[in-house]
file work_33.cif (mmCIF, C-alpha atoms)
data_target
loop_
_atom_site.label_atom_id
_atom_site.label_comp_id
_atom_site.auth_asym_id
_atom_site.auth_seq_id
_atom_site.Cartn_x
_atom_site.Cartn_y
_atom_site.Cartn_z
CA MET A 5 33.35 10.61 15.31
CA PRO A 6 32.93 14.36 15.85
CA PRO A 7 31.16 15.42 19.07
CA GLY A 8 27.39 15.08 18.89
CA TYR A 9 27.41 11.93 16.77
CA ARG A 10 25.89 9.02 18.62
CA PHE A 11 23.82 5.86 18.22
CA TYR A 12 20.30 7.18 18.04
CA PRO A 13 18.48 4.67 15.86
CA THR A 14 14.93 4.66 14.59
CA GLU A 15 12.82 1.60 15.26
CA GLU A 16 13.06 0.78 11.58
CA GLU A 17 16.87 0.70 11.77
CA LEU A 18 16.73 -1.48 14.87
CA ILE A 19 14.45 -4.03 13.26
CA SER A 20 15.23 -3.93 9.54
CA PHE A 21 18.99 -3.71 9.94
CA TYR A 22 20.16 -4.95 13.33
CA LEU A 23 17.56 -7.56 14.18
CA HIS A 24 17.42 -8.90 10.62
CA HIS A 25 21.18 -9.32 10.47
CA LYS A 26 21.19 -11.05 13.82
CA LEU A 27 18.37 -13.41 12.87
CA GLN A 28 20.10 -14.27 9.61
CA HIS A 29 23.34 -14.99 11.45
CA ASN A 30 25.27 -12.24 9.70
CA ASN A 31 27.65 -11.97 12.61
CA ASN A 32 29.16 -8.79 11.39
CA ILE A 33 31.63 -7.60 13.98
CA ASN A 34 30.12 -4.13 13.91
CA ILE A 35 26.71 -5.38 14.91
CA ASN A 36 27.99 -7.01 18.07
CA CYS A 37 30.01 -3.92 18.94
CA VAL A 38 26.84 -1.85 18.75
CA ILE A 39 24.33 -4.33 20.20
CA PRO A 40 25.68 -7.29 22.17
CA LEU A 41 23.83 -10.48 23.00
CA LEU A 42 22.90 -10.60 26.69
CA ASP A 43 20.54 -12.46 28.97
CA VAL A 44 19.14 -9.20 30.33
CA TYR A 45 17.01 -10.98 32.94
CA ARG A 46 20.12 -12.20 34.71
CA PHE A 47 20.79 -8.57 35.71
CA GLU A 48 19.09 -5.77 37.56
CA PRO A 49 18.22 -2.95 35.15
CA TRP A 50 20.82 -0.59 36.64
CA GLN A 51 23.54 -3.19 35.97
CA LEU A 52 22.72 -3.24 32.26
CA PRO A 53 24.38 0.01 31.06
CA ARG A 54 27.85 -1.38 31.75
CA HIS A 55 27.13 -4.30 29.41
CA CYS A 56 26.21 -2.17 26.41
CA GLY A 57 28.08 -2.43 23.11
CA GLU A 58 31.57 -0.95 22.97
CA LEU A 59 30.56 1.44 20.20
CA CYS A 60 27.86 2.81 22.54
CA HIS A 61 29.91 3.14 25.72
CA GLY A 62 29.11 6.24 27.69
CA ASP A 63 25.58 6.62 26.39
CA PRO A 64 23.72 7.99 29.44
CA GLU A 65 20.26 7.51 28.01
CA GLN A 66 19.56 4.14 26.44
CA TRP A 67 21.13 0.72 26.06
CA PHE A 68 20.47 -1.94 23.45
CA PHE A 69 20.77 -5.72 23.68
CA PHE A 70 19.90 -8.80 21.71
CA VAL A 71 18.10 -11.38 23.84
CA LEU A 72 17.75 -15.06 22.95
CA ARG A 73 14.38 -16.71 23.36
CA GLN A 74 14.31 -18.52 26.69
CA GLU A 75 14.28 -22.31 26.86
CA ARG A 76 10.93 -22.29 28.64
CA GLU A 77 9.46 -20.20 25.82
CA VAL A 78 10.75 -22.68 23.24
CA ARG A 79 8.80 -25.37 25.12
CA GLY A 80 5.61 -23.30 24.89
CA GLY A 81 5.79 -21.57 28.27
CA ARG A 82 5.80 -17.89 29.08
CA PRO A 83 9.14 -16.13 29.40
CA SER A 84 10.39 -15.38 32.91
CA ARG A 85 11.15 -11.71 33.44
CA THR A 86 12.03 -11.89 37.12
CA THR A 87 15.36 -10.69 38.53
CA VAL A 88 16.78 -11.00 42.05
CA SER A 89 15.29 -7.70 43.20
CA GLY A 90 12.15 -7.39 41.09
CA TYR A 91 10.41 -8.09 37.79
CA TRP A 92 9.58 -6.61 34.39
CA LYS A 93 5.87 -6.17 33.73
CA ALA A 94 4.22 -5.35 30.41
CA THR A 95 2.44 -2.03 30.02
CA GLY A 96 -0.37 -1.85 27.50
CA SER A 97 -0.69 -4.16 24.55
CA PRO A 98 2.01 -5.03 22.06
CA SER A 99 1.86 -2.84 18.97
CA TYR A 100 3.03 -3.15 15.41
CA VAL A 101 6.08 -1.29 14.17
CA HIS A 102 5.89 0.09 10.65
CA SER A 103 8.61 0.95 8.19
CA SER A 104 8.77 4.44 6.72
CA ASP A 105 7.02 3.07 3.63
CA GLY A 106 4.18 1.68 5.73
CA ARG A 107 4.94 -2.04 5.92
CA VAL A 108 4.54 -3.94 9.19
CA ILE A 109 8.08 -4.93 10.14
CA GLY A 110 7.78 -5.98 13.76
CA VAL A 111 6.05 -6.08 17.10
CA LYS A 112 6.92 -3.92 20.09
CA LYS A 113 6.21 -4.71 23.69
CA SER A 114 6.83 -2.13 26.44
CA MET A 115 7.69 -3.05 30.01
CA VAL A 116 8.33 -1.36 33.33
CA PHE A 117 10.57 -2.70 36.07
CA TYR A 118 9.03 -3.19 39.52
CA LYS A 119 11.01 -3.77 42.69
CA GLY A 120 9.74 -6.53 44.95
CA ARG A 121 7.45 -9.40 44.05
CA ALA A 122 4.30 -9.34 41.92
CA PRO A 123 1.64 -8.16 42.40
CA THR A 124 2.87 -5.88 45.20
CA GLY A 125 6.06 -4.52 43.61
CA THR A 126 6.93 -0.86 43.41
CA LYS A 127 7.19 0.74 40.00
CA THR A 128 10.60 2.15 39.08
CA LYS A 129 11.75 4.52 36.35
CA TRP A 130 13.41 1.72 34.38
CA LYS A 131 11.67 0.83 31.14
CA MET A 132 12.22 -1.50 28.25
CA ASN A 133 10.97 -1.85 24.70
CA GLU A 134 11.21 -5.36 23.32
CA TYR A 135 11.18 -5.73 19.52
CA ARG A 136 10.57 -8.84 17.48
CA ALA A 137 10.86 -8.88 13.72
CA ILE A 138 8.25 -9.91 11.19
CA PHE A 139 9.79 -10.89 7.90
CA LYS A 140 10.22 -13.59 5.35
CA ASP A 141 13.36 -15.46 4.42
CA ASP A 142 15.09 -15.04 1.08
CA VAL A 143 13.22 -18.01 -0.34
CA PRO A 144 10.55 -17.45 -3.01
CA THR A 145 7.95 -19.55 -1.19
CA SER A 146 8.56 -17.93 2.22
CA ILE A 147 5.73 -16.03 3.91
CA PRO A 148 6.24 -13.27 6.49
CA LYS A 149 6.25 -14.48 10.07
CA LEU A 150 7.00 -13.27 13.55
CA ARG A 151 10.51 -14.36 14.47
CA HIS A 152 10.85 -15.34 18.10
CA GLU A 153 14.42 -16.68 18.20
CA VAL A 154 15.99 -13.35 19.06
CA SER A 155 14.48 -10.10 20.28
CA LEU A 156 16.07 -6.67 20.49
CA CYS A 157 15.66 -4.77 23.75
CA ARG A 158 16.03 -1.07 24.36
CA VAL A 159 16.47 -0.27 28.07
CA TYR A 160 16.07 3.33 29.25
CA VAL A 161 15.06 5.40 32.25
CA VAL A 162 12.30 7.94 32.47
CA SER A 163 13.34 11.05 34.31
CA GLY A 164 11.18 13.92 35.41
CA SER A 165 13.79 16.50 34.48
CA SER A 166 13.37 18.27 31.20
CA ARG A 167 16.15 18.22 28.73
CA ALA A 168 16.80 20.10 25.57
CA PHE A 169 15.85 18.17 22.46
CA ASP A 170 13.44 15.98 24.33
CA ARG A 171 10.98 17.18 21.77
CA ARG A 172 12.42 15.56 18.69
CA PRO A 173 11.17 17.09 15.48
CA THR A 174 9.79 14.50 13.14
CA ALA A 175 9.08 14.34 9.43
CA MET A 176 10.36 17.01 7.12
CA GLU A 177 7.87 19.16 5.27
CA THR A 178 8.29 21.32 2.27
CA SER A 179 6.07 24.25 3.10
CA MET B 133 29.22 4.84 10.38
CA PRO B 134 26.95 1.89 11.17
CA PRO B 135 23.20 2.46 10.65
CA GLY B 136 21.58 4.41 13.46
CA TYR B 137 24.56 6.67 14.13
CA ARG B 138 23.72 10.28 13.43
CA PHE B 139 24.37 13.85 14.52
CA TYR B 140 22.13 14.24 17.52
CA PRO B 141 23.93 16.77 19.72
CA THR B 142 23.08 18.08 23.13
CA GLU B 143 22.86 21.83 23.61
CA GLU B 144 26.08 21.64 25.58
CA GLU B 145 27.90 20.06 22.64
CA LEU B 146 26.49 22.67 20.29
CA ILE B 147 27.67 25.56 22.43
CA SER B 148 30.76 24.32 24.25
CA PHE B 149 32.27 22.55 21.28
CA TYR B 150 30.92 23.82 17.98
CA LEU B 151 30.11 27.44 18.78
CA HIS B 152 33.27 27.89 20.85
CA HIS B 153 35.47 26.55 18.08
CA LYS B 154 33.77 28.78 15.54
CA LEU B 155 34.10 31.88 17.73
CA GLN B 156 37.76 31.16 18.32
CA HIS B 157 38.35 30.74 14.59
CA ASN B 158 39.39 27.12 14.87
CA ASN B 159 38.30 26.47 11.33
CA ASN B 160 38.58 22.78 11.71
CA ILE B 161 37.39 21.19 8.49
CA ASN B 162 35.15 18.81 10.43
CA ILE B 163 33.23 21.64 12.03
CA ASN B 164 32.27 23.16 8.72
CA CYS B 165 31.28 19.78 7.34
CA VAL B 166 28.90 19.36 10.26
CA ILE B 167 27.65 22.93 10.65
CA PRO B 168 28.19 25.34 7.74
CA LEU B 169 28.05 29.12 7.88
CA LEU B 170 24.90 30.43 6.18
CA ASP B 171 22.84 33.59 6.08
CA VAL B 172 19.69 31.68 6.95
CA TYR B 173 17.44 34.73 6.51
CA ARG B 174 18.24 34.80 2.79
CA PHE B 175 16.26 31.55 2.46
CA GLU B 176 12.78 30.31 3.16
CA PRO B 177 12.89 27.70 5.96
CA TRP B 178 12.06 24.81 3.63
CA GLN B 179 15.05 25.72 1.46
CA LEU B 180 17.43 25.32 4.40
CA PRO B 181 17.71 21.50 4.65
CA ARG B 182 19.57 21.30 1.35
CA HIS B 183 22.22 23.65 2.73
CA CYS B 184 23.06 21.55 5.79
CA GLY B 185 26.56 20.24 6.45
CA GLU B 186 27.77 17.38 4.29
CA LEU B 187 28.25 15.14 7.33
CA CYS B 188 24.55 15.67 8.13
CA HIS B 189 23.09 15.15 4.65
CA GLY B 190 19.85 13.25 4.65
CA ASP B 191 18.85 14.21 8.17
CA PRO B 192 15.06 14.49 7.89
CA GLU B 193 14.59 16.14 11.27
CA GLN B 194 16.86 19.05 12.05
CA TRP B 195 19.47 21.24 10.37
CA PHE B 196 22.24 23.28 11.96
CA PHE B 197 23.91 26.49 10.74
CA PHE B 198 26.29 29.12 11.98
CA VAL B 199 24.94 32.62 11.38
CA LEU B 200 27.05 35.80 11.40
CA ARG B 201 25.77 38.81 13.25
CA GLN B 202 24.07 41.14 10.80
CA GLU B 203 25.59 44.48 9.91
CA ARG B 204 22.57 46.35 11.26
CA GLU B 205 23.01 44.57 14.59
CA VAL B 206 26.69 45.60 14.72
CA ARG B 207 25.50 49.19 14.37
CA GLY B 208 23.13 48.77 17.32
CA GLY B 209 19.95 47.92 15.43
CA ARG B 210 17.73 44.88 15.70
CA PRO B 211 18.39 41.93 13.42
CA SER B 212 16.09 41.48 10.44
CA ARG B 213 14.47 38.09 10.32
CA THR B 214 12.26 38.65 7.30
CA THR B 215 12.36 36.45 4.21
CA VAL B 216 10.61 36.85 0.85
CA SER B 217 7.55 34.89 1.96
CA GLY B 218 7.39 35.55 5.70
CA TYR B 219 9.26 36.20 8.92
CA TRP B 220 10.70 34.55 12.02
CA LYS B 221 9.12 35.68 15.29
CA ALA B 222 10.38 34.98 18.79
CA THR B 223 8.30 32.79 21.09
CA GLY B 224 8.66 33.32 24.81
CA SER B 225 11.71 34.86 26.42
CA PRO B 226 15.31 33.89 25.79
CA SER B 227 16.56 31.37 28.35
CA TYR B 228 19.93 30.35 29.69
CA VAL B 229 21.55 27.10 28.65
CA HIS B 230 23.45 25.23 31.34
CA SER B 231 26.28 22.75 31.09
CA SER B 232 25.91 19.33 32.67
CA ASP B 233 27.91 20.65 35.65
CA GLY B 234 25.53 23.57 36.09
CA ARG B 235 27.40 26.52 34.59
CA VAL B 236 25.62 29.04 32.36
CA ILE B 237 27.16 28.52 28.93
CA GLY B 238 24.79 30.34 26.61
CA VAL B 239 21.49 31.91 25.74
CA LYS B 240 18.76 30.30 23.67
CA LYS B 241 16.07 32.09 21.72
CA SER B 242 13.22 30.17 20.10
CA MET B 243 11.42 31.34 17.00
CA VAL B 244 8.53 30.31 14.78
CA PHE B 245 8.22 31.09 11.09
CA TYR B 246 5.11 32.94 9.93
CA LYS B 247 4.02 33.25 6.31
CA GLY B 248 2.92 36.72 5.21
CA ARG B 249 3.71 40.01 6.85
CA ALA B 250 3.67 40.91 10.57
CA PRO B 251 1.46 41.19 12.46
CA THR B 252 -1.01 39.27 10.29
CA GLY B 253 1.18 36.34 9.23
CA THR B 254 0.14 32.71 9.51
CA LYS B 255 2.09 30.45 11.83
CA THR B 256 3.87 27.50 10.22
CA LYS B 257 5.42 24.34 11.61
CA TRP B 258 8.96 25.61 11.03
CA LYS B 259 10.87 26.46 14.18
CA MET B 260 14.32 27.61 15.10
CA ASN B 261 16.49 27.69 18.20
CA GLU B 262 19.18 30.34 18.12
CA TYR B 263 22.13 29.86 20.49
CA ARG B 264 24.71 32.41 21.56
CA ALA B 265 27.67 31.49 23.72
CA ILE B 266 28.66 32.99 27.04
CA PHE B 267 32.31 32.43 27.79
CA LYS B 268 35.59 34.09 28.52
CA ASP B 269 38.70 34.14 26.39
CA ASP B 270 41.87 32.30 27.36
CA VAL B 271 43.24 35.42 28.99
CA PRO B 272 43.60 35.57 32.80
CA THR B 273 41.84 38.93 33.08
CA SER B 274 38.96 37.95 30.79
CA ILE B 275 35.45 37.91 32.21
CA PRO B 276 32.60 35.81 30.77
CA LYS B 277 30.47 37.63 28.23
CA LEU B 278 27.76 36.98 25.71
CA ARG B 279 29.34 36.57 22.31
CA HIS B 280 27.28 38.07 19.52
CA GLU B 281 29.59 37.65 16.53
CA VAL B 282 28.28 34.23 15.56
CA SER B 283 25.17 32.34 16.61
CA LEU B 284 24.30 28.72 16.05
CA CYS B 285 20.84 27.94 14.70
CA ARG B 286 18.93 24.70 14.84
CA VAL B 287 16.04 24.60 12.35
CA TYR B 288 13.38 21.93 12.67
CA VAL B 289 9.74 21.23 11.95
CA VAL B 290 7.05 20.30 14.39
CA SER B 291 4.83 17.55 13.13
CA GLY B 292 1.61 16.27 14.58
CA SER B 293 2.49 12.69 13.79
CA SER B 294 3.93 10.60 16.57
CA ARG B 295 7.24 8.88 16.05
CA ALA B 296 9.07 6.25 17.99
CA PHE B 297 11.74 7.67 20.26
CA ASP B 298 10.17 11.10 20.32
CA ARG B 299 10.21 10.68 24.03
CA ARG B 300 13.91 10.71 24.66
CA PRO B 301 14.94 9.17 27.93
CA THR B 302 17.11 11.52 29.90
CA ALA B 303 19.56 11.18 32.78
CA MET B 304 20.72 7.79 33.92
CA GLU B 305 19.85 6.65 37.40
CA THR B 306 21.28 3.87 39.48
CA SER B 307 18.19 2.50 41.17
#

call {"tool": "encode", "arguments": {"input": "work_33.cif", "output": "structure tokens"}}
result
Amino acid sequence: MPPGYRFYPTEEELISFYLHHKLQHNNNININCVIPLLDVYRFEPWQLPRHCGELCHGDPEQWFFFVLRQEREVRGGRPSRTTVSGYWKATGSPSYVHSSDGRVIGVKKSMVFYKGRAPTGTKTKWKMNEYRAIFKDDVPTSIPKLRHEVSLCRVYVVSGSSRAFDRRPTAMETS
Amino acid sequence: MPPGYRFYPTEEELISFYLHHKLQHNNNININCVIPLLDVYRFEPWQLPRHCGELCHGDPEQWFFFVLRQEREVRGGRPSRTTVSGYWKATGSPSYVHSSDGRVIGVKKSMVFYKGRAPTGTKTKWKMNEYRAIFKDDVPTSIPKLRHEVSLCRVYVVSGSSRAFDRRPTAMETS
């Protein structure tokens, strides 16, 4: 790829392409090279970049992983988001993710990593967005539902330094 | 390219790769497919997206062009940035662009498009960053200088609507 080309997906691409393919077991080799499956809670956040997909190696900004639903969650419990040195804690409420044509395609949960033990941990600059897909199977009688089996996580750090192109322009207009 | 891969360059890539190659007449086919040469002031801003490089077609957010120095500028005058329906006006002062290792590699000028005639035009959401490179030739006695022959322009629109990943995470940290 020429310089300047990189994996910089929209939320719609993450959910409607990558997470859908994963949930439907389309184990396309490309998908795993871009977003590998990883038990992210087995690692400290700063150990995660080295586990990113081989087609994303060297990205200094964000890292994507598929995460399987935990056994305890399957049994009706709450997922454990504790690591050796700290824990991930939700910020705000989960929100819906919409497609560009306005459909609800998923749910997004944002988390911050704290060092130490709850509730006295110290906030760090490591953040995560966790996406789950809402969709129906390719069966006429299927109804849309939230799919818990696999989530897609985007890990990133918030830095105080300004950077060119932080301000991403958005939708195109014609006048 | 898999979904989610797109041209999303840093300023350093724009200047140190694309603008340098253009200034040194490395007319690599790939460069022109990514960033074509265009007299952007012959067009209204909203006509520019359709002229973007073929490897960037469909980008709804930003459009890149090389722009030759105008004849009047060669003769010592100021460049004309007037179109049929309006004009581009500088905002703020030009600023230096630094490489990731801290060297000054260029100058950046930001502009906003106004409809009508100065000084009574109406501000629009169309913006432009104009980059010029500062570098020295591959000659031992060469000293760094601002290169005016070609600039690189990034055209984009500012929208009020929020979009996921507007807030780009920046430098990676290890704790």

call {"tool": "closest_residue", "arguments": {"input": "work_33.cif", "among": "A:Ala137, A:Thr95, A:Tyr160, A:Asp142", "to": "chain B", "atoms": "only C-alpha atoms"}}
result
A:Tyr160

call {"tool": "calpha_fit_and_write", "arguments": {"input": "work_33.cif", "fixed": "chain B", "moving": "chain A", "output": "CSV table (one decimal) with C-alpha atoms, keeping the file's coordinate frame"}}
result
chain,number,residue,atom,x,y,z
A,5,MET,CA,29.2,4.9,10.4
A,6,PRO,CA,26.9,1.9,11.1
A,7,PRO,CA,23.2,2.5,10.6
A,8,GLY,CA,21.6,4.4,13.5
A,9,TYR,CA,24.5,6.7,14.1
A,10,ARG,CA,23.7,10.3,13.4
A,11,PHE,CA,24.3,13.9,14.5
A,12,TYR,CA,22.1,14.3,17.5
A,13,PRO,CA,23.9,16.8,19.7
A,14,THR,CA,23.1,18.1,23.1
A,15,GLU,CA,22.8,21.8,23.6
A,16,GLU,CA,26.1,21.6,25.6
A,17,GLU,CA,27.9,20.1,22.6
A,18,LEU,CA,26.5,22.7,20.3
A,19,ILE,CA,27.6,25.6,22.4
A,20,SER,CA,30.7,24.3,24.2
A,21,PHE,CA,32.3,22.6,21.3
A,22,TYR,CA,30.9,23.9,18.0
A,23,LEU,CA,30.1,27.5,18.8
A,24,HIS,CA,33.3,27.9,20.9
A,25,HIS,CA,35.5,26.6,18.1
A,26,LYS,CA,33.8,28.8,15.6
A,27,LEU,CA,34.1,31.9,17.7
A,28,GLN,CA,37.8,31.2,18.3
A,29,HIS,CA,38.4,30.8,14.6
A,30,ASN,CA,39.4,27.1,14.9
A,31,ASN,CA,38.3,26.5,11.4
A,32,ASN,CA,38.6,22.8,11.7
A,33,ILE,CA,37.4,21.2,8.5
A,34,ASN,CA,35.2,18.8,10.4
A,35,ILE,CA,33.2,21.7,12.0
A,36,ASN,CA,32.3,23.2,8.7
A,37,CYS,CA,31.3,19.8,7.3
A,38,VAL,CA,28.9,19.4,10.3
A,39,ILE,CA,27.7,23.0,10.6
A,40,PRO,CA,28.2,25.4,7.7
A,41,LEU,CA,28.1,29.1,7.9
A,42,LEU,CA,24.9,30.4,6.2
A,43,ASP,CA,22.9,33.6,6.1
A,44,VAL,CA,19.7,31.7,7.0
A,45,TYR,CA,17.5,34.7,6.5
A,46,ARG,CA,18.3,34.8,2.8
A,47,PHE,CA,16.3,31.6,2.4
A,48,GLU,CA,12.8,30.3,3.1
A,49,PRO,CA,12.9,27.7,5.9
A,50,TRP,CA,12.1,24.8,3.6
A,51,GLN,CA,15.1,25.7,1.4
A,52,LEU,CA,17.4,25.3,4.4
A,53,PRO,CA,17.7,21.5,4.6
A,54,ARG,CA,19.6,21.3,1.3
A,55,HIS,CA,22.3,23.7,2.7
A,56,CYS,CA,23.1,21.6,5.8
A,57,GLY,CA,26.6,20.3,6.4
A,58,GLU,CA,27.8,17.4,4.3
A,59,LEU,CA,28.3,15.2,7.3
A,60,CYS,CA,24.5,15.7,8.1
A,61,HIS,CA,23.1,15.2,4.6
A,62,GLY,CA,19.9,13.3,4.6
A,63,ASP,CA,18.9,14.2,8.2
A,64,PRO,CA,15.1,14.5,7.9
A,65,GLU,CA,14.6,16.2,11.3
A,66,GLN,CA,16.9,19.1,12.0
A,67,TRP,CA,19.5,21.3,10.4
A,68,PHE,CA,22.2,23.3,11.9
A,69,PHE,CA,23.9,26.5,10.8
A,70,PHE,CA,26.3,29.1,12.0
A,71,VAL,CA,24.9,32.6,11.4
A,72,LEU,CA,27.0,35.8,11.4
A,73,ARG,CA,25.8,38.8,13.3
A,74,GLN,CA,24.1,41.1,10.8
A,75,GLU,CA,25.6,44.5,9.9
A,76,ARG,CA,22.6,46.3,11.2
A,77,GLU,CA,23.0,44.6,14.6
A,78,VAL,CA,26.7,45.6,14.7
A,79,ARG,CA,25.5,49.2,14.4
A,80,GLY,CA,23.1,48.8,17.3
A,81,GLY,CA,19.9,47.9,15.4
A,82,ARG,CA,17.7,44.9,15.7
A,83,PRO,CA,18.4,42.0,13.4
A,84,SER,CA,16.1,41.5,10.4
A,85,ARG,CA,14.5,38.1,10.3
A,86,THR,CA,12.3,38.7,7.3
A,87,THR,CA,12.4,36.4,4.2
A,88,VAL,CA,10.6,36.8,0.8
A,89,SER,CA,7.6,34.9,1.9
A,90,GLY,CA,7.4,35.6,5.7
A,91,TYR,CA,9.3,36.2,8.9
A,92,TRP,CA,10.7,34.6,12.0
A,93,LYS,CA,9.1,35.7,15.3
A,94,ALA,CA,10.4,35.0,18.8
A,95,THR,CA,8.3,32.8,21.1
A,96,GLY,CA,8.6,33.4,24.8
A,97,SER,CA,11.7,34.9,26.4
A,98,PRO,CA,15.3,33.9,25.8
A,99,SER,CA,16.5,31.4,28.4
A,100,TYR,CA,19.9,30.3,29.7
A,101,VAL,CA,21.5,27.1,28.6
A,102,HIS,CA,23.4,25.2,31.3
A,103,SER,CA,26.2,22.7,31.1
A,104,SER,CA,25.9,19.3,32.6
A,105,ASP,CA,27.9,20.6,35.6
A,106,GLY,CA,25.5,23.5,36.1
A,107,ARG,CA,27.4,26.5,34.6
A,108,VAL,CA,25.6,29.0,32.4
A,109,ILE,CA,27.1,28.5,28.9
A,110,GLY,CA,24.8,30.3,26.6
A,111,VAL,CA,21.5,31.9,25.7
A,112,LYS,CA,18.7,30.3,23.7
A,113,LYS,CA,16.1,32.1,21.7
A,114,SER,CA,13.2,30.2,20.1
A,115,MET,CA,11.4,31.4,17.0
A,116,VAL,CA,8.5,30.3,14.7
A,117,PHE,CA,8.2,31.1,11.1
A,118,TYR,CA,5.1,33.0,9.9
A,119,LYS,CA,4.0,33.3,6.3
A,120,GLY,CA,2.9,36.7,5.2
A,121,ARG,CA,3.7,40.0,6.8
A,122,ALA,CA,3.7,40.9,10.5
A,123,PRO,CA,1.4,41.2,12.4
A,124,THR,CA,-1.0,39.3,10.2
A,125,GLY,CA,1.2,36.3,9.2
A,126,THR,CA,0.1,32.7,9.5
A,127,LYS,CA,2.1,30.5,11.8
A,128,THR,CA,3.9,27.5,10.2
A,129,LYS,CA,5.4,24.4,11.6
A,130,TRP,CA,9.0,25.6,11.0
A,131,LYS,CA,10.9,26.5,14.2
A,132,MET,CA,14.3,27.6,15.1
A,133,ASN,CA,16.5,27.7,18.2
A,134,GLU,CA,19.2,30.4,18.1
A,135,TYR,CA,22.1,29.9,20.5
A,136,ARG,CA,24.7,32.4,21.6
A,137,ALA,CA,27.6,31.5,23.7
A,138,ILE,CA,28.6,33.0,27.0
A,139,PHE,CA,32.3,32.4,27.8
A,140,LYS,CA,35.6,34.0,28.5
A,141,ASP,CA,38.7,34.1,26.4
A,142,ASP,CA,41.9,32.2,27.3
A,143,VAL,CA,43.3,35.3,29.0
A,144,PRO,CA,43.7,35.4,32.8
A,145,THR,CA,41.9,38.8,33.1
A,146,SER,CA,39.0,37.9,30.8
A,147,ILE,CA,35.5,37.8,32.2
A,148,PRO,CA,32.6,35.8,30.8
A,149,LYS,CA,30.5,37.6,28.2
A,150,LEU,CA,27.8,37.0,25.7
A,151,ARG,CA,29.3,36.6,22.3
A,152,HIS,CA,27.3,38.1,19.5
A,153,GLU,CA,29.6,37.7,16.5
A,154,VAL,CA,28.3,34.2,15.6
A,155,SER,CA,25.2,32.4,16.6
A,156,LEU,CA,24.3,28.7,16.1
A,157,CYS,CA,20.8,28.0,14.7
A,158,ARG,CA,18.9,24.7,14.8
A,159,VAL,CA,16.1,24.6,12.3
A,160,TYR,CA,13.4,21.9,12.7
A,161,VAL,CA,9.7,21.2,11.9
A,162,VAL,CA,7.0,20.3,14.4
A,163,SER,CA,4.8,17.5,13.1
A,164,GLY,CA,1.7,16.2,14.7
A,165,SER,CA,2.5,12.6,13.9
A,166,SER,CA,3.9,10.6,16.7
A,167,ARG,CA,7.2,8.8,16.2
A,168,ALA,CA,9.0,6.2,18.1
A,169,PHE,CA,11.7,7.7,20.4
A,170,ASP,CA,10.1,11.0,20.5
A,171,ARG,CA,10.2,10.5,24.2
A,172,ARG,CA,13.9,10.6,24.7
A,173,PRO,CA,15.0,9.2,28.1
A,174,THR,CA,17.2,11.5,30.0
A,175,ALA,CA,19.6,11.2,32.9
A,176,MET,CA,20.8,7.8,34.0
A,177,GLU,CA,19.9,6.6,37.5
A,178,THR,CA,21.4,3.9,39.5
A,179,SER,CA,18.4,2.5,41.3

call {"tool": "resolve_selection", "arguments": {"input": "work_33.cif", "expression": "the PyMOL selection byres ((chain B and resi 178-181) around 10)", "output": "PyMOL selection string"}}
result
(chain A and resi 176-179) or (chain B and resi 170+172-177+182-185+188-197+258+287-289)

call {"tool": "atom_distance", "arguments": {"input": "work_33.cif", "atom1": "CA of Val244 (chain B)", "atom2": "CA of Thr256 (chain B)"}}
result
7.1 Å

call {"tool": "atom_distance", "arguments": {"input": "work_33.cif", "atom1": "CA of Pro276 (chain B)", "atom2": "CA of Ile237 (chain B)"}}
result
9.3 Å

call {"tool": "resolve_selection", "arguments": {"input": "work_33.cif", "expression": "the PyMOL selection byres ((chain B and resi 198-200) around 12)", "output": "ChimeraX atom specification"}}
result
/B:146-147,150-155,163-174,183-185,195-197,201-206,211,213,261-264,279-287

call {"tool": "atom_distance", "arguments": {"input": "work_33.cif", "atom1": "CA of Gly106 (chain A)", "atom2": "CA of Met132 (chain A)"}}
result
24.1 Å

call {"tool": "closest_residue", "arguments": {"input": "work_33.cif", "among": "A:Lys129, A:Arg79, A:Arg121, A:Lys149", "to": "chain B", "atoms": "all atoms listed in the file"}}
result
A:Lys129

call {"tool": "residues_around", "arguments": {"input": "work_33.cif", "residues": "Gly120 (chain A)", "least_positions_apart": "6", "cutoff": "7 Å", "atoms": "only C-alpha atoms", "output": "ChimeraX atom specification"}}
result
/A:89-90,126

call {"tool": "resolve_selection", "arguments": {"input": "work_33.cif", "expression": "the PyMOL selection byres ((chain A and resi 10) around 12)", "output": "PyMOL selection string"}}
result
(chain A and resi 5-9+11-13+38+59-66) or (chain B and resi 133-142+145)

call {"tool": "closest_residue", "arguments": {"input": "work_33.cif", "among": "B:Thr214, B:Ser225, B:Ser274, B:His230", "to": "chain A", "atoms": "only C-alpha atoms"}}
result
B:His230

call {"tool": "closest_residue", "arguments": {"input": "work_33.cif", "among": "B:Asn162, B:Thr215, B:Ser242, B:Thr273", "to": "chain A", "atoms": "all atoms listed in the file"}}
result
B:Asn162

call {"tool": "closest_residue", "arguments": {"input": "work_33.cif", "among": "A:Val143, A:Ser103, A:Ala94, A:Val108", "to": "chain B", "atoms": "all atoms listed in the file"}}
result
A:Ser103

call {"tool": "axis_aligned_box", "arguments": {"input": "work_33.cif", "around": "region 99-115 of chain A", "padding_each_side": "4 Å", "output": "lines of an AutoDock Vina configuration file"}}
result
center_x = 5.3
center_y = -0.8
center_z = 16.8
size_x = 14.9
size_y = 18.5
size_z = 34.4
